[in-house]
2 protein chains.
Amino acid sequence: MPSTAKNTEQELDTRQVILEAAYEEIHVRGFQAASLSKILSSTNVTKGALYHYFPTKLALGYAVVDEILADHIQQQWVQPLLQADDPITTFKNIIMQLGGEITEEDLQCGCPLNNLAQEMAPIDEGFRSRVEAVYRAWRKGIEKALVKGQESGFVNKNVNVTSVATMIVASLEGCMGLAKNSQSKKVLFQCGQSVMDYLESLRP
Amino acid sequence: MPSTAKNTEQELDTRQVILEAAYEEIHVRGFQAASLSKILSSTNVTKGALYHYFPTKLALGYAVVDEILADHIQQQWVQPLLQADDPITTFKNIIMQLGGEITEEDLQCGCPLNNLAQEMAPIDEGFRSRVEAVYRAWRKGIEKALVKGQESGFVNKNVNVTSVATMIVASLEGCMGLAKNSQSKKVLFQCGQSVMDYLESLRP
DNA sequence: TGACAAACATACCACCTGGTATGTATAACA
DNA sequence: TGTTATACATACCAGGTGGTATGTTTGTCA
């Protein structure tokens, strides 16, 4: 493990370079259609290097879920929610922020987690369980934030936090999915507004 | 075009046989990973026959959307909604009926329309626009039913029927997507219940 | 300095894919 | 009856895929 004097300037870990290139290819084409050759040619990494770090294409895909996607969800949703006091306001802020930042390309490609779930769940248990773990963490994070919000009076104590957390994730993914297909931010915002209205209805 | 004396007993149109086999393969594997050879071997149709009816794999995929998926949405959602008086009750009935009928296999494979949307929208405009047409018809059907419900006093006149219709489709697809990945009817029902609660909140 | 393993690089391969070229049986029609 | 178009059937092919076998460089440590 060098990473000492050599990687000073901007030389990233080769493994990380592969991982991120794979993430992007999979985001656009899906896992099955993702081409190792294209991943390699988009970087200047050779096949030997790739198979040095990942024994198989499947292992590479798993690593993308475990390391990249799990991290995204944690940083974009779970951590901000758990740090804040009022989960509903925080949630709306995150939605508006992410909605404002989204590029046309990201809109077209949709949520990478949902993409993998829909593509791989029926045909590979390894993918399914890994994606499920990320979803679980997401939902649990929301649930915790809601409970905390209930305790401090920001959330109605009647709401079933578990099913509400599930519903929130489901409608977010559904919105992203519809907007992705219609390729319009208008649909995304319209749909996001409905989710925020739903969130607002959870107040005491 | 024979279809006269020959197809009396149970001989289906060859074209239709291909289409339905293709629909199932695509439902499980996705379009890109769907194998023509497997479609053929699952029936007793030869490659010559397939390419007689469909000039390319893409054309076959398009036909599945245009003919099979559009029909499903129309029959399962739009027609019942437009025929009924109270759209909210009708909607809940459809959800419960479809939820009750769903097999483990269908749960695993998810909504074929959503699958194709997520997989193909970023990489093929022909698919995207065709899927979009089906979504549009779905949403317009719901919208019409909601307007009719507003006129006859079953639906709150304050609701924005357009964005509510979009939100309903989004949350339905989102629920199906989550349940598909978790492979549990429990999640499906829990999530479906939240959608029904949301529908109920649209009453006057 | 020598030995050894990690970190790549190159060349190659079997397999499967969508697609095509060509042949044939059958029905319709002149 | 001869002609022609439809509806298949069979055999084949180029291209791309994931994967592997083997070589080479480079850093580490005794």
# chains A, B, ... in the order shown; residues from 1 in each chain; ligands from 1

$ residues_around --residues "Tyr135 in chain A" --least-positions-apart "6" --cutoff "12 Å" --atoms "only C-alpha atoms (C1' of nucleotides)" --output "list of chain:residue names"
A:Val65, A:Asp66, A:Leu69, A:Ala70, A:Asp71, A:His72, A:Ile73, A:Gln74, A:Trp77, A:Val78, A:Leu113, A:Asn114, A:Leu116, A:Ala117, A:Arg128, A:Ser129, A:Gly141, A:Ile142, A:Ala165, A:Thr166, A:Ile168, A:Val169, A:Ala170, A:Glu173, B:Gly177, B:Leu178, B:Ala179, B:Asn181, B:Ser182

$ calpha_fit_rmsd --fixed "chain A" --moving "chain B"
0.1 Å

$ interface_residues --of "chain B" --to "chain A" --cutoff "8 Å" --atoms "only C-alpha atoms" --output "PyMOL selection string"
chain B and resi 28-30+32-33+108-110+114-115+117-119+121-123+128+131-132+163-164+166-167+169-175+177-178+180-182+190-191+194-195

$ write_last_selection --atoms "N, CA, C and O atoms" --output "compact mmCIF listing (two decimals), in the first residue's frame"
# COMPACT_ATOMS: atom_id res chain seq x y z
N VAL B 28 -37.96 -10.20 -17.00
CA VAL B 28 -37.02 -10.80 -16.05
C VAL B 28 -35.61 -10.22 -16.20
O VAL B 28 -35.01 -9.78 -15.23
N ARG B 29 -35.10 -10.20 -17.42
CA ARG B 29 -33.70 -9.83 -17.62
C ARG B 29 -33.49 -8.37 -17.98
O ARG B 29 -32.35 -7.90 -17.94
N GLY B 30 -34.53 -7.69 -18.38
CA GLY B 30 -34.34 -6.36 -18.97
C GLY B 30 -34.16 -6.48 -20.47
O GLY B 30 -33.89 -7.57 -20.98
N GLN B 32 -31.86 -5.09 -22.69
CA GLN B 32 -30.52 -5.30 -23.23
C GLN B 32 -30.03 -6.71 -22.98
O GLN B 32 -29.40 -7.32 -23.83
N ALA B 33 -30.32 -7.23 -21.81
CA ALA B 33 -29.84 -8.58 -21.48
C ALA B 33 -30.78 -9.66 -21.99
O ALA B 33 -30.44 -10.84 -21.93
N GLN B 108 -41.01 -10.16 -7.70
CA GLN B 108 -39.57 -10.14 -7.95
C GLN B 108 -39.20 -9.35 -9.20
O GLN B 108 -38.16 -8.71 -9.25
N CYS B 109 -40.06 -9.43 -10.21
CA CYS B 109 -39.72 -8.79 -11.49
C CYS B 109 -40.19 -7.34 -11.55
O CYS B 109 -39.72 -6.59 -12.40
N GLY B 110 -41.08 -6.96 -10.69
CA GLY B 110 -41.50 -5.57 -10.62
C GLY B 110 -42.39 -5.14 -11.77
O GLY B 110 -42.88 -5.96 -12.54
N ASN B 114 -41.94 0.37 -15.50
CA ASN B 114 -40.89 1.05 -14.75
C ASN B 114 -39.51 0.46 -15.08
O ASN B 114 -38.54 1.19 -15.27
N ASN B 115 -39.46 -0.85 -15.19
CA ASN B 115 -38.18 -1.48 -15.54
C ASN B 115 -37.62 -0.91 -16.83
O ASN B 115 -36.45 -0.51 -16.89
N ALA B 117 -38.44 1.85 -18.34
CA ALA B 117 -38.16 3.28 -18.21
C ALA B 117 -36.77 3.47 -17.62
O ALA B 117 -35.94 4.20 -18.16
N GLN B 118 -36.50 2.81 -16.51
CA GLN B 118 -35.23 3.01 -15.82
C GLN B 118 -34.06 2.50 -16.65
O GLN B 118 -32.99 3.10 -16.66
N GLU B 119 -34.27 1.40 -17.33
CA GLU B 119 -33.16 0.84 -18.10
C GLU B 119 -32.89 1.61 -19.39
O GLU B 119 -31.74 1.92 -19.71
N ALA B 121 -34.49 4.57 -20.86
CA ALA B 121 -34.67 6.01 -21.08
C ALA B 121 -33.35 6.74 -21.37
O ALA B 121 -33.32 7.57 -22.28
N PRO B 122 -32.27 6.45 -20.63
CA PRO B 122 -31.06 7.24 -20.89
C PRO B 122 -30.35 6.84 -22.18
O PRO B 122 -29.51 7.59 -22.65
N ILE B 123 -30.65 5.69 -22.73
CA ILE B 123 -29.82 5.23 -23.85
C ILE B 123 -30.58 5.02 -25.15
O ILE B 123 -29.97 4.76 -26.17
N ARG B 128 -37.74 5.55 -24.81
CA ARG B 128 -38.16 6.59 -23.88
C ARG B 128 -39.49 7.20 -24.28
O ARG B 128 -40.41 7.33 -23.47
N VAL B 131 -42.40 4.67 -23.87
CA VAL B 131 -42.75 4.49 -22.46
C VAL B 131 -43.44 5.74 -21.93
O VAL B 131 -44.42 5.66 -21.18
N GLU B 132 -42.92 6.88 -22.36
CA GLU B 132 -43.51 8.15 -21.93
C GLU B 132 -44.98 8.24 -22.35
O GLU B 132 -45.82 8.73 -21.60
N SER B 163 -50.83 17.39 -10.73
CA SER B 163 -49.67 16.95 -9.95
C SER B 163 -50.02 15.79 -9.03
O SER B 163 -49.17 14.96 -8.73
N VAL B 164 -51.28 15.72 -8.60
CA VAL B 164 -51.67 14.57 -7.79
C VAL B 164 -51.60 13.29 -8.62
O VAL B 164 -51.11 12.25 -8.15
N THR B 166 -49.66 12.68 -11.09
CA THR B 166 -48.24 12.35 -11.23
C THR B 166 -47.71 11.71 -9.95
O THR B 166 -47.01 10.70 -9.98
N MET B 167 -48.07 12.32 -8.81
CA MET B 167 -47.60 11.81 -7.52
C MET B 167 -48.10 10.39 -7.27
O MET B 167 -47.37 9.56 -6.74
N VAL B 169 -48.84 8.04 -9.50
CA VAL B 169 -48.06 7.12 -10.33
C VAL B 169 -46.65 6.95 -9.76
O VAL B 169 -46.14 5.84 -9.64
N ALA B 170 -46.06 8.07 -9.37
CA ALA B 170 -44.70 8.01 -8.83
C ALA B 170 -44.65 7.14 -7.57
O ALA B 170 -43.77 6.29 -7.43
N SER B 171 -45.59 7.33 -6.66
CA SER B 171 -45.51 6.56 -5.42
C SER B 171 -45.85 5.09 -5.65
O SER B 171 -45.28 4.21 -5.00
N LEU B 172 -46.76 4.83 -6.59
CA LEU B 172 -47.04 3.43 -6.92
C LEU B 172 -45.78 2.74 -7.45
O LEU B 172 -45.41 1.65 -7.01
N GLU B 173 -45.13 3.39 -8.40
CA GLU B 173 -43.92 2.81 -8.96
C GLU B 173 -42.82 2.70 -7.91
O GLU B 173 -42.06 1.73 -7.88
N GLY B 174 -42.75 3.71 -7.07
CA GLY B 174 -41.76 3.66 -6.00
C GLY B 174 -42.01 2.50 -5.05
O GLY B 174 -41.08 1.77 -4.69
N CYS B 175 -43.25 2.29 -4.67
CA CYS B 175 -43.60 1.17 -3.80
C CYS B 175 -43.23 -0.15 -4.43
O CYS B 175 -42.58 -1.00 -3.80
N GLY B 177 -41.09 -0.69 -6.67
CA GLY B 177 -39.65 -0.80 -6.76
C GLY B 177 -39.01 -1.24 -5.46
O GLY B 177 -38.15 -2.11 -5.45
N LEU B 178 -39.45 -0.63 -4.37
CA LEU B 178 -38.89 -1.02 -3.06
C LEU B 178 -39.25 -2.46 -2.72
O LEU B 178 -38.40 -3.24 -2.27
N LYS B 180 -39.99 -4.83 -4.69
CA LYS B 180 -39.26 -5.73 -5.58
C LYS B 180 -37.88 -6.04 -5.04
O LYS B 180 -37.44 -7.18 -5.02
N ASN B 181 -37.20 -4.99 -4.56
CA ASN B 181 -35.84 -5.24 -4.08
C ASN B 181 -35.83 -5.96 -2.74
O ASN B 181 -34.96 -6.79 -2.50
N SER B 182 -36.79 -5.63 -1.89
CA SER B 182 -36.81 -6.33 -0.59
C SER B 182 -37.48 -7.69 -0.72
O SER B 182 -37.44 -8.50 0.19
N GLN B 190 -47.41 -2.60 3.14
CA GLN B 190 -47.17 -1.45 4.01
C GLN B 190 -47.11 -0.17 3.19
O GLN B 190 -47.72 0.84 3.54
N CYS B 191 -46.40 -0.27 2.09
CA CYS B 191 -46.23 0.88 1.21
C CYS B 191 -47.54 1.20 0.51
O CYS B 191 -47.93 2.37 0.39
N SER B 194 -49.83 3.18 2.66
CA SER B 194 -49.51 4.60 2.71
C SER B 194 -50.07 5.34 1.50
O SER B 194 -50.56 6.47 1.61
N VAL B 195 -50.01 4.69 0.35
CA VAL B 195 -50.58 5.31 -0.85
C VAL B 195 -52.08 5.46 -0.68
O VAL B 195 -52.66 6.51 -1.01

$ closest_residue --among "C:DC4, C:DA25, C:DA30, C:DC15" --to "DC8 in chain D" --atoms "only C-alpha atoms (C1' of nucleotides)"
C:DA25

$ closest_residue --among "B:Leu50, B:Leu199, B:Val147, B:Leu98" --to "chain D" --atoms "only C-alpha atoms (C1' of nucleotides)"
B:Leu50

$ interface_residues --of "chain B" --to "chain D" --cutoff "8 Å" --atoms "only C-alpha atoms (C1' of nucleotides)" --output "PyMOL selection string"
chain B and resi 46+48-49+52

$ interface_residues --of "chain C" --to "chain A" --cutoff "10 Å" --atoms "only C-alpha atoms (C1' of nucleotides)" --output "ChimeraX atom specification"
/C:6-10
